[in-house]
$ cat my_file35.cif   # mmCIF, C-alpha atoms
data_target
#
loop_
_atom_site.label_atom_id
_atom_site.label_comp_id
_atom_site.auth_asym_id
_atom_site.auth_seq_id
_atom_site.Cartn_x
_atom_site.Cartn_y
_atom_site.Cartn_z
CA MET A 10 1.55 -5.19 -5.35
CA SER A 11 2.01 -4.40 -9.01
CA ALA A 12 0.53 -7.12 -11.23
CA ARG A 13 1.24 -7.86 -14.87
CA GLU A 14 -0.71 -10.10 -17.20
CA GLY A 15 0.71 -13.60 -17.45
CA THR A 16 0.09 -16.51 -19.78
CA MET A 17 -1.36 -18.94 -17.27
CA ILE A 18 -4.24 -19.07 -14.81
CA SER A 19 -3.03 -18.96 -11.22
CA VAL A 20 -5.10 -20.62 -8.50
CA VAL A 21 -4.42 -19.67 -4.89
CA MET A 22 -5.85 -21.99 -2.25
CA ALA A 23 -5.55 -21.58 1.52
CA ALA A 24 -5.99 -25.01 3.10
CA HIS A 25 -6.25 -25.84 6.80
CA ASN A 26 -6.80 -29.55 7.58
CA GLU A 27 -8.51 -30.21 4.25
CA ALA A 28 -7.06 -33.67 3.53
CA ARG A 29 -10.49 -35.23 3.07
CA VAL A 30 -11.77 -32.74 0.50
CA ILE A 31 -8.85 -31.06 -1.24
CA GLY A 32 -8.18 -34.01 -3.52
CA GLY A 33 -11.62 -33.75 -5.10
CA CYS A 34 -11.23 -30.00 -5.54
CA LEU A 35 -7.85 -30.35 -7.25
CA ASP A 36 -8.88 -33.30 -9.40
CA ALA A 37 -11.78 -31.26 -10.79
CA LEU A 38 -9.35 -28.48 -11.76
CA LEU A 39 -6.82 -30.79 -13.35
CA ALA A 40 -9.26 -33.06 -15.19
CA ASP A 41 -9.20 -31.11 -18.46
CA ALA A 42 -6.30 -28.72 -17.92
CA ALA A 43 -3.82 -28.33 -20.75
CA PRO A 44 -0.08 -28.57 -19.98
CA GLY A 45 1.14 -25.30 -18.50
CA GLU A 46 -2.36 -23.80 -18.38
CA LEU A 47 -2.67 -23.79 -14.58
CA ASP A 48 -0.41 -22.55 -11.82
CA ILE A 49 -1.92 -24.00 -8.64
CA VAL A 50 -0.53 -22.88 -5.28
CA VAL A 51 -1.82 -24.60 -2.15
CA VAL A 52 -0.83 -22.99 1.14
CA ALA A 53 -1.25 -25.62 3.85
CA ASN A 54 -1.44 -23.58 7.04
CA GLY A 55 -1.36 -24.96 10.56
CA CYS A 56 -2.30 -28.43 9.36
CA SER A 57 -2.26 -31.46 11.62
CA ASP A 58 -3.42 -33.85 8.86
CA ASP A 59 -2.16 -34.85 5.41
CA THR A 60 -3.41 -31.82 3.49
CA ALA A 61 0.04 -30.98 2.12
CA GLN A 62 0.77 -34.55 1.07
CA VAL A 63 -2.60 -35.01 -0.64
CA ALA A 64 -2.17 -31.78 -2.58
CA ALA A 65 1.46 -32.46 -3.51
CA ALA A 66 0.47 -35.84 -4.96
CA ARG A 67 -1.38 -34.02 -7.75
CA PRO A 68 0.84 -33.25 -10.76
CA GLY A 69 1.90 -29.64 -11.12
CA VAL A 70 0.49 -28.49 -7.77
CA ARG A 71 2.91 -26.41 -5.71
CA VAL A 72 2.51 -26.71 -1.96
CA ILE A 73 3.74 -24.21 0.60
CA GLU A 74 3.52 -25.14 4.28
CA VAL A 75 3.25 -22.50 6.99
CA ALA A 76 3.09 -23.32 10.68
CA GLN A 77 0.45 -20.82 11.72
CA ALA A 78 -3.21 -21.38 10.91
CA GLY A 79 -4.87 -18.36 9.35
CA LYS A 80 -6.58 -17.88 6.01
CA ALA A 81 -5.57 -14.26 5.37
CA ASN A 82 -1.88 -14.95 5.88
CA ALA A 83 -2.13 -18.10 3.75
CA LEU A 84 -3.75 -16.14 0.92
CA ASN A 85 -1.02 -13.52 1.11
CA VAL A 86 1.69 -16.19 1.01
CA GLY A 87 0.00 -17.85 -1.97
CA ASP A 88 -0.44 -14.53 -3.74
CA THR A 89 3.27 -13.81 -3.44
CA ALA A 90 4.13 -17.20 -4.92
CA ALA A 91 1.55 -17.17 -7.73
CA ARG A 92 2.95 -16.58 -11.20
CA GLY A 93 0.10 -15.68 -13.50
CA PHE A 94 -3.15 -13.89 -14.27
CA PRO A 95 -6.06 -14.16 -14.29
CA ARG A 96 -5.96 -15.28 -10.65
CA ILE A 97 -8.54 -17.43 -8.94
CA TYR A 98 -8.95 -17.63 -5.16
CA LEU A 99 -10.53 -20.99 -4.44
CA ASP A 100 -11.71 -22.69 -1.27
CA ALA A 101 -10.38 -26.22 -0.83
CA ASP A 102 -13.82 -27.74 -0.23
CA VAL A 103 -15.43 -26.36 -3.40
CA VAL A 104 -15.68 -28.31 -6.64
CA LEU A 105 -15.88 -26.30 -9.87
CA SER A 106 -17.71 -27.55 -12.94
CA PRO A 107 -15.64 -28.80 -15.90
CA GLY A 108 -14.00 -25.92 -17.71
CA ALA A 109 -15.07 -23.37 -15.08
CA LEU A 110 -11.58 -21.97 -14.58
CA ARG A 111 -11.17 -21.47 -18.31
CA GLU A 112 -14.57 -19.77 -18.57
CA MET A 113 -13.81 -17.46 -15.67
CA ALA A 114 -10.39 -16.59 -17.08
CA ALA A 115 -11.87 -15.87 -20.52
CA ALA A 116 -14.41 -13.50 -18.96
CA LEU A 117 -11.56 -11.53 -17.36
CA THR A 118 -9.72 -10.87 -20.61
CA GLY A 119 -10.38 -8.24 -23.23
CA ASP A 120 -10.72 -4.46 -23.29
CA ALA A 121 -14.23 -4.35 -21.82
CA ALA A 122 -13.72 -7.21 -19.35
CA PRO A 123 -14.79 -6.93 -15.72
CA LEU A 124 -12.15 -6.77 -13.00
CA ALA A 125 -13.60 -9.62 -10.97
CA VAL A 126 -15.76 -12.64 -11.73
CA MET A 127 -17.50 -15.38 -9.82
CA PRO A 128 -19.10 -18.68 -10.83
CA ARG A 129 -22.76 -19.45 -10.46
CA ARG A 130 -23.38 -20.96 -7.02
CA ARG A 131 -25.15 -24.25 -6.46
CA MET A 132 -25.69 -25.22 -2.85
CA VAL A 133 -25.55 -28.97 -2.28
CA THR A 134 -28.34 -29.66 0.22
CA GLU A 135 -29.12 -33.29 -0.54
CA GLY A 136 -29.04 -35.40 2.61
CA ARG A 137 -29.10 -32.36 4.89
CA SER A 138 -31.49 -31.83 7.78
CA LEU A 139 -34.90 -30.33 7.06
CA ALA A 140 -33.91 -27.12 8.87
CA VAL A 141 -30.76 -26.71 6.78
CA ARG A 142 -32.74 -27.19 3.58
CA ALA A 143 -35.35 -24.69 4.77
CA TYR A 144 -32.65 -22.12 5.53
CA TYR A 145 -31.18 -22.40 2.03
CA ALA A 146 -34.63 -22.26 0.43
CA ILE A 147 -34.53 -18.61 1.55
CA ASN A 148 -30.80 -17.94 1.35
CA THR A 149 -30.38 -19.04 -2.26
CA ARG A 150 -33.12 -16.63 -3.35
CA LEU A 151 -31.62 -13.53 -1.72
CA PRO A 152 -30.92 -10.87 -4.37
CA VAL A 153 -27.58 -9.99 -2.77
CA PHE A 154 -26.04 -13.00 -4.51
CA ALA A 155 -26.81 -11.56 -7.95
CA ASP A 156 -23.59 -9.53 -7.91
CA ALA A 157 -21.79 -10.66 -4.76
CA LEU A 158 -18.37 -12.24 -4.89
CA PHE A 159 -18.88 -13.94 -1.54
CA GLY A 160 -20.66 -17.21 -0.75
CA ARG A 161 -19.35 -19.11 -3.79
CA GLY A 162 -15.93 -20.30 -2.66
CA ALA A 163 -14.32 -19.04 -5.88
CA ILE A 164 -13.38 -15.52 -6.97
CA GLY A 165 -11.39 -14.55 -10.06
CA VAL A 166 -9.56 -11.26 -10.63
CA SER A 167 -7.58 -9.81 -13.49
CA ALA A 168 -4.18 -8.20 -13.00
CA ALA A 169 -5.87 -4.80 -12.92
CA GLY A 170 -8.35 -6.11 -10.37
CA ARG A 171 -5.58 -7.46 -8.18
CA ASP A 172 -3.91 -4.05 -8.25
CA ARG A 173 -6.93 -2.66 -6.39
CA PHE A 174 -5.51 -3.78 -3.05
CA ASP A 175 -2.22 -4.56 -1.36
CA ARG A 176 -2.71 -7.53 0.99
CA PHE A 177 -5.62 -9.43 2.45
CA PRO A 178 -6.36 -7.98 5.91
CA GLU A 179 -5.76 -10.22 8.91
CA GLN A 180 -9.44 -10.96 9.31
CA ILE A 181 -11.68 -13.85 8.38
CA ALA A 182 -14.02 -12.17 5.86
CA ASP A 183 -11.71 -12.40 2.86
CA ASP A 184 -14.52 -12.78 0.32
CA LEU A 185 -16.45 -9.78 1.64
CA PHE A 186 -13.20 -7.80 1.53
CA LEU A 187 -12.71 -8.70 -2.13
CA ASP A 188 -16.34 -7.86 -2.85
CA SER A 189 -15.79 -4.36 -1.43
CA GLN A 190 -12.99 -3.61 -3.89
CA PHE A 191 -15.25 -3.54 -6.94
CA SER A 192 -18.44 -1.82 -8.00
CA ALA A 193 -21.36 -3.82 -9.36
CA GLU A 194 -20.35 -2.80 -12.88
CA GLU A 195 -16.84 -4.18 -12.36
CA LYS A 196 -18.05 -7.65 -11.35
CA GLN A 197 -19.65 -10.37 -13.43
CA GLU A 198 -21.17 -13.77 -12.75
CA VAL A 199 -20.00 -16.35 -15.28
CA ALA A 200 -23.14 -18.37 -15.91
CA SER A 201 -21.26 -21.17 -17.68
CA ALA A 202 -19.13 -21.82 -14.58
CA THR A 203 -20.61 -23.42 -11.47
CA SER A 204 -19.24 -23.89 -7.97
CA LEU A 205 -20.68 -26.72 -5.93
CA VAL A 206 -20.81 -25.48 -2.34
CA GLN A 207 -21.50 -28.06 0.33
CA ALA A 208 -24.16 -26.98 2.81
CA PRO A 209 -23.56 -27.95 6.45
CA ARG A 210 -25.20 -31.26 7.25
CA HIS A 211 -26.88 -30.37 10.54
CA THR A 212 -28.47 -27.29 12.07
CA ARG A 213 -25.76 -26.88 14.72
CA ASP A 214 -23.10 -26.96 12.01
CA LEU A 215 -24.96 -24.32 10.02
CA VAL A 216 -25.29 -22.05 13.06
CA ARG A 217 -21.57 -22.39 13.79
CA THR A 218 -20.67 -21.54 10.19
CA LEU A 219 -23.01 -18.56 10.04
CA ALA A 220 -21.66 -17.26 13.35
CA ARG A 221 -18.15 -17.24 11.89
CA VAL A 222 -19.35 -15.39 8.79
CA ARG A 223 -21.25 -12.82 10.83
CA ALA A 224 -18.34 -12.25 13.22
CA GLY A 225 -15.91 -11.78 10.35
CA ASN A 226 -18.22 -9.42 8.51
CA THR A 227 -18.78 -7.33 11.64
CA MET A 228 -15.04 -6.99 12.26
CA LEU A 229 -14.37 -6.07 8.64
CA ARG A 230 -17.07 -3.39 8.62
CA ALA A 231 -15.61 -1.94 11.82
CA SER A 232 -12.10 -1.63 10.38
CA HIS A 233 -12.67 -0.85 6.68
CA THR A 234 -14.77 1.55 4.67
CA ASN A 235 -16.99 0.88 1.65
CA ILE A 236 -17.94 -2.61 2.83
CA ARG A 237 -21.30 -3.78 1.51
CA PRO A 238 -23.89 -3.24 4.28
CA SER A 239 -26.13 -6.05 5.46
CA ALA A 240 -29.77 -6.14 4.37
CA PRO A 241 -31.58 -7.70 7.34
CA SER A 242 -35.10 -7.41 5.92
CA SER A 243 -34.31 -8.70 2.44
CA TRP A 244 -35.41 -12.23 3.32
CA PHE A 245 -38.94 -10.92 3.84
CA ARG A 246 -39.20 -8.10 1.31
CA ASP A 247 -37.45 -9.77 -1.61
CA VAL A 248 -38.03 -13.48 -0.99
CA VAL A 249 -41.08 -14.27 1.15
CA LEU A 250 -43.39 -11.41 0.21
CA PRO A 251 -43.47 -12.37 -3.49
CA ARG A 252 -43.44 -16.10 -2.58
CA PRO A 253 -45.76 -16.56 0.43
CA TRP A 254 -45.51 -20.34 0.21
CA LEU A 255 -42.00 -19.98 1.63
CA ALA A 256 -43.31 -18.62 4.95
CA PRO A 257 -42.64 -21.87 6.88
CA ALA A 258 -39.05 -21.96 5.60
CA ALA A 259 -38.69 -18.29 6.53
CA THR A 260 -39.55 -19.09 10.15
CA VAL A 261 -36.65 -21.53 10.23
CA TYR A 262 -34.39 -19.05 8.42
CA VAL A 263 -35.05 -16.31 10.98
CA THR A 264 -34.57 -18.66 13.94
CA ILE A 265 -31.23 -19.92 12.64
CA THR A 266 -30.11 -16.39 11.76
CA LEU A 267 -30.86 -15.14 15.29
CA ALA A 268 -29.07 -18.11 16.86
CA ALA A 269 -26.01 -17.40 14.71
CA ALA A 270 -26.10 -13.71 15.67
CA LEU A 271 -25.95 -14.62 19.35
CA LYS A 272 -23.15 -17.13 18.83
CA SER A 273 -21.12 -14.70 16.73
CA ARG A 274 -20.53 -12.48 19.75
CA ARG A 275 -18.32 -15.18 21.24
CA HIS A 276 -16.45 -16.12 18.08
CA PRO A 277 -12.63 -15.71 18.20
CA SER A 278 -11.33 -12.95 15.96
CA ASN A 279 -8.83 -15.21 14.16
CA GLY A 280 -10.58 -18.59 14.15
CA TRP A 281 -11.47 -20.48 10.99
CA GLY A 282 -14.84 -21.42 12.48
CA ARG A 283 -15.67 -23.46 9.40
CA ASP A 284 -18.16 -26.26 8.91
CA GLU A 285 -16.52 -29.55 9.83
CA SER A 286 -19.54 -31.71 8.97
CA THR A 287 -18.72 -31.77 5.27
CA ARG A 288 -15.07 -32.74 5.76
#
$ encode --input "my_file35.cif" --output "structure tokens"
Amino acid sequence: MSAREGTMISVVMAAHNEARVIGGCLDALLADAAPGELDIVVVANGCSDDTAQVAAARPGVRVIEVAQAGKANALNVGDTAARGFPRIYLDADVVLSPGALREMAAALTGDAAPLAVMPRRRMVTEGRSLAVRAYYAINTRLPVFADALFGRGAIGVSAAGRDRFDRFPEQIADDLFLDSQFSAEEKQEVASATSLVQAPRHTRDLVRTLARVRAGNTMLRASHTNIRPSAPSSWFRDVVLPRPWLAPAATVYVTITLAAALKSRRHPSNGWGRDESTR
């Protein structure tokens, strides 16, 4: 795909049965958008709910419906339809802070601009089970998230960044795939932009979500080169060792991680496997 700089920010969103959350995501984007500033493409794939209708009710949002469920194909369809750059890939259940799109787009422009950007991540853990909150007490302190594109639900690329790859592979680790396309020096976290990521509400929901992530990452590493390796001891070396008061949370973190590893072995290769508790 050969990309050229456009005059608007394109947002590509793959949405599968997101009727309960996509409205809030879109409303946050549109709240302070200037006329013609945003080109929002929602690809409703394999939906059995009102995702397409909820999205289409928002002014200026283009909706494409495809029969087959699958995030990679939906992203590719949305990419083909998108008109502008910078381009933001956004999960339908993530809410960005006011002006976040504009801040991310600004960071991607200029001679010395990075090729890819991501917002600061804030995990929403209020009202979650004690085990879920303990897990994220460790997870949110992992140094991998300092320069990782994944785990935030929002990734922005310039036209030059988009030219790094052809299509999203037919696998479920799209954010890890994007992360692998850029060196640390080519990525930048935009501190003035925040993505609110909803943590699963219950331990079983968290395990199911982590199993999907692990299965997708394993498949991607098996089929592609230059994928960021996992760092299985980072939770201890980089988080707990300098903060020994987190040891009880670390016990929960390890238990949940091991449970997800076992469950990931049975995860379907093309399943969304997402957290349904926050929808």
$ resolve_selection --input "my_file35.cif" --expression "the PyMOL selection byres ((chain A and resi 225) around 8)" --output "PDB file with C-alpha atoms, in the frame of the given file"
ATOM      1  CA  GLN A 180      -9.440 -10.960   9.310  1.00  0.00           C
ATOM      2  CA  ILE A 181     -11.680 -13.850   8.380  1.00  0.00           C
ATOM      3  CA  ALA A 182     -14.020 -12.170   5.860  1.00  0.00           C
ATOM      4  CA  ARG A 221     -18.150 -17.240  11.890  1.00  0.00           C
ATOM      5  CA  VAL A 222     -19.350 -15.390   8.790  1.00  0.00           C
ATOM      6  CA  ARG A 223     -21.250 -12.820  10.830  1.00  0.00           C
ATOM      7  CA  ALA A 224     -18.340 -12.250  13.220  1.00  0.00           C
ATOM      8  CA  ASN A 226     -18.220  -9.420   8.510  1.00  0.00           C
ATOM      9  CA  THR A 227     -18.780  -7.330  11.640  1.00  0.00           C
ATOM     10  CA  MET A 228     -15.040  -6.990  12.260  1.00  0.00           C
ATOM     11  CA  LEU A 229     -14.370  -6.070   8.640  1.00  0.00           C
ATOM     12  CA  SER A 278     -11.330 -12.950  15.960  1.00  0.00           C
TER      13      SER A 278
END
$ resolve_selection --input "my_file35.cif" --expression "the PyMOL selection byres ((chain A and resi 81) around 12)" --output "PyMOL selection string"
chain A and resi 21-25+52+54+77-80+82-88+98+176-184+186-187+225+279-281
$ resolve_selection --input "my_file35.cif" --expression "the PyMOL selection byres ((chain A and resi 233-246) around 9)" --output "JSON, numbers by chain"
{"A": [147, 148, 150, 151, 152, 153, 185, 186, 188, 189, 190, 226, 228, 229, 230, 231, 232, 247, 248, 249, 250, 251, 256, 259, 262, 263]}
$ residues_near_point --input "my_file35.cif" --point "(-15.8, -12.2, -12.6)" --cutoff "6 Å" --atoms "all atoms listed in the file" --output "count of residues only"
7
$ closest_residue --input "my_file35.cif" --among "A:Leu47, A:Gly69, A:Arg131, A:Ala169" --to "Thr118 of chain A" --atoms "all atoms listed in the file"
A:Ala169
$ closest_residue --input "my_file35.cif" --among "A:Ile31, A:Leu110, A:Leu215, A:Ala140" --to "Val63 of chain A" --atoms "only C-alpha atoms"
A:Ile31
$ axis_aligned_box --input "my_file35.cif" --around "segment 246-254 of chain A" --padding-each-side "5 Å" --output "JSON"
{"center_x": -41.6, "center_y": -14.2, "center_z": -1.1, "size_x": 18.3, "size_y": 22.2, "size_z": 14.8}
$ residues_around --input "my_file35.cif" --residues "Leu35 of chain A" --least-positions-apart "4" --cutoff "12 Å" --atoms "only C-alpha atoms" --output "VMD selection string"
chain A and resid 20 to 22 24 27 to 31 39 to 42 47 to 51 60 63 to 71 99 to 107 110
$ closest_residue --input "my_file35.cif" --among "A:Leu271, A:Met17, A:Leu117, A:Ala163" --to "Arg130 of chain A" --atoms "all atoms listed in the file"
A:Ala163
$ residues_around --input "my_file35.cif" --residues "Ala116 of chain A" --least-positions-apart "3" --cutoff "9 Å" --atoms "all atoms listed in the file" --output "tab-separated table (two decimals) with C-alpha atoms, in the frame of the given file"
chain	number	residue	atom	x	y	z
A	111	ARG	CA	-11.17	-21.47	-18.31
A	112	GLU	CA	-14.57	-19.77	-18.57
A	113	MET	CA	-13.81	-17.46	-15.67
A	119	GLY	CA	-10.38	-8.24	-23.23
A	122	ALA	CA	-13.72	-7.21	-19.35
A	123	PRO	CA	-14.79	-6.93	-15.72
A	125	ALA	CA	-13.60	-9.62	-10.97
A	126	VAL	CA	-15.76	-12.64	-11.73
A	197	GLN	CA	-19.65	-10.37	-13.43
A	199	VAL	CA	-20.00	-16.35	-15.28
$ residues_around --input "my_file35.cif" --residues "Glu135 of chain A" --least-positions-apart "3" --cutoff "9 Å" --atoms "only C-alpha atoms" --output "list in words"
Ser138, Arg142, Ala208 and Arg210 of chain A
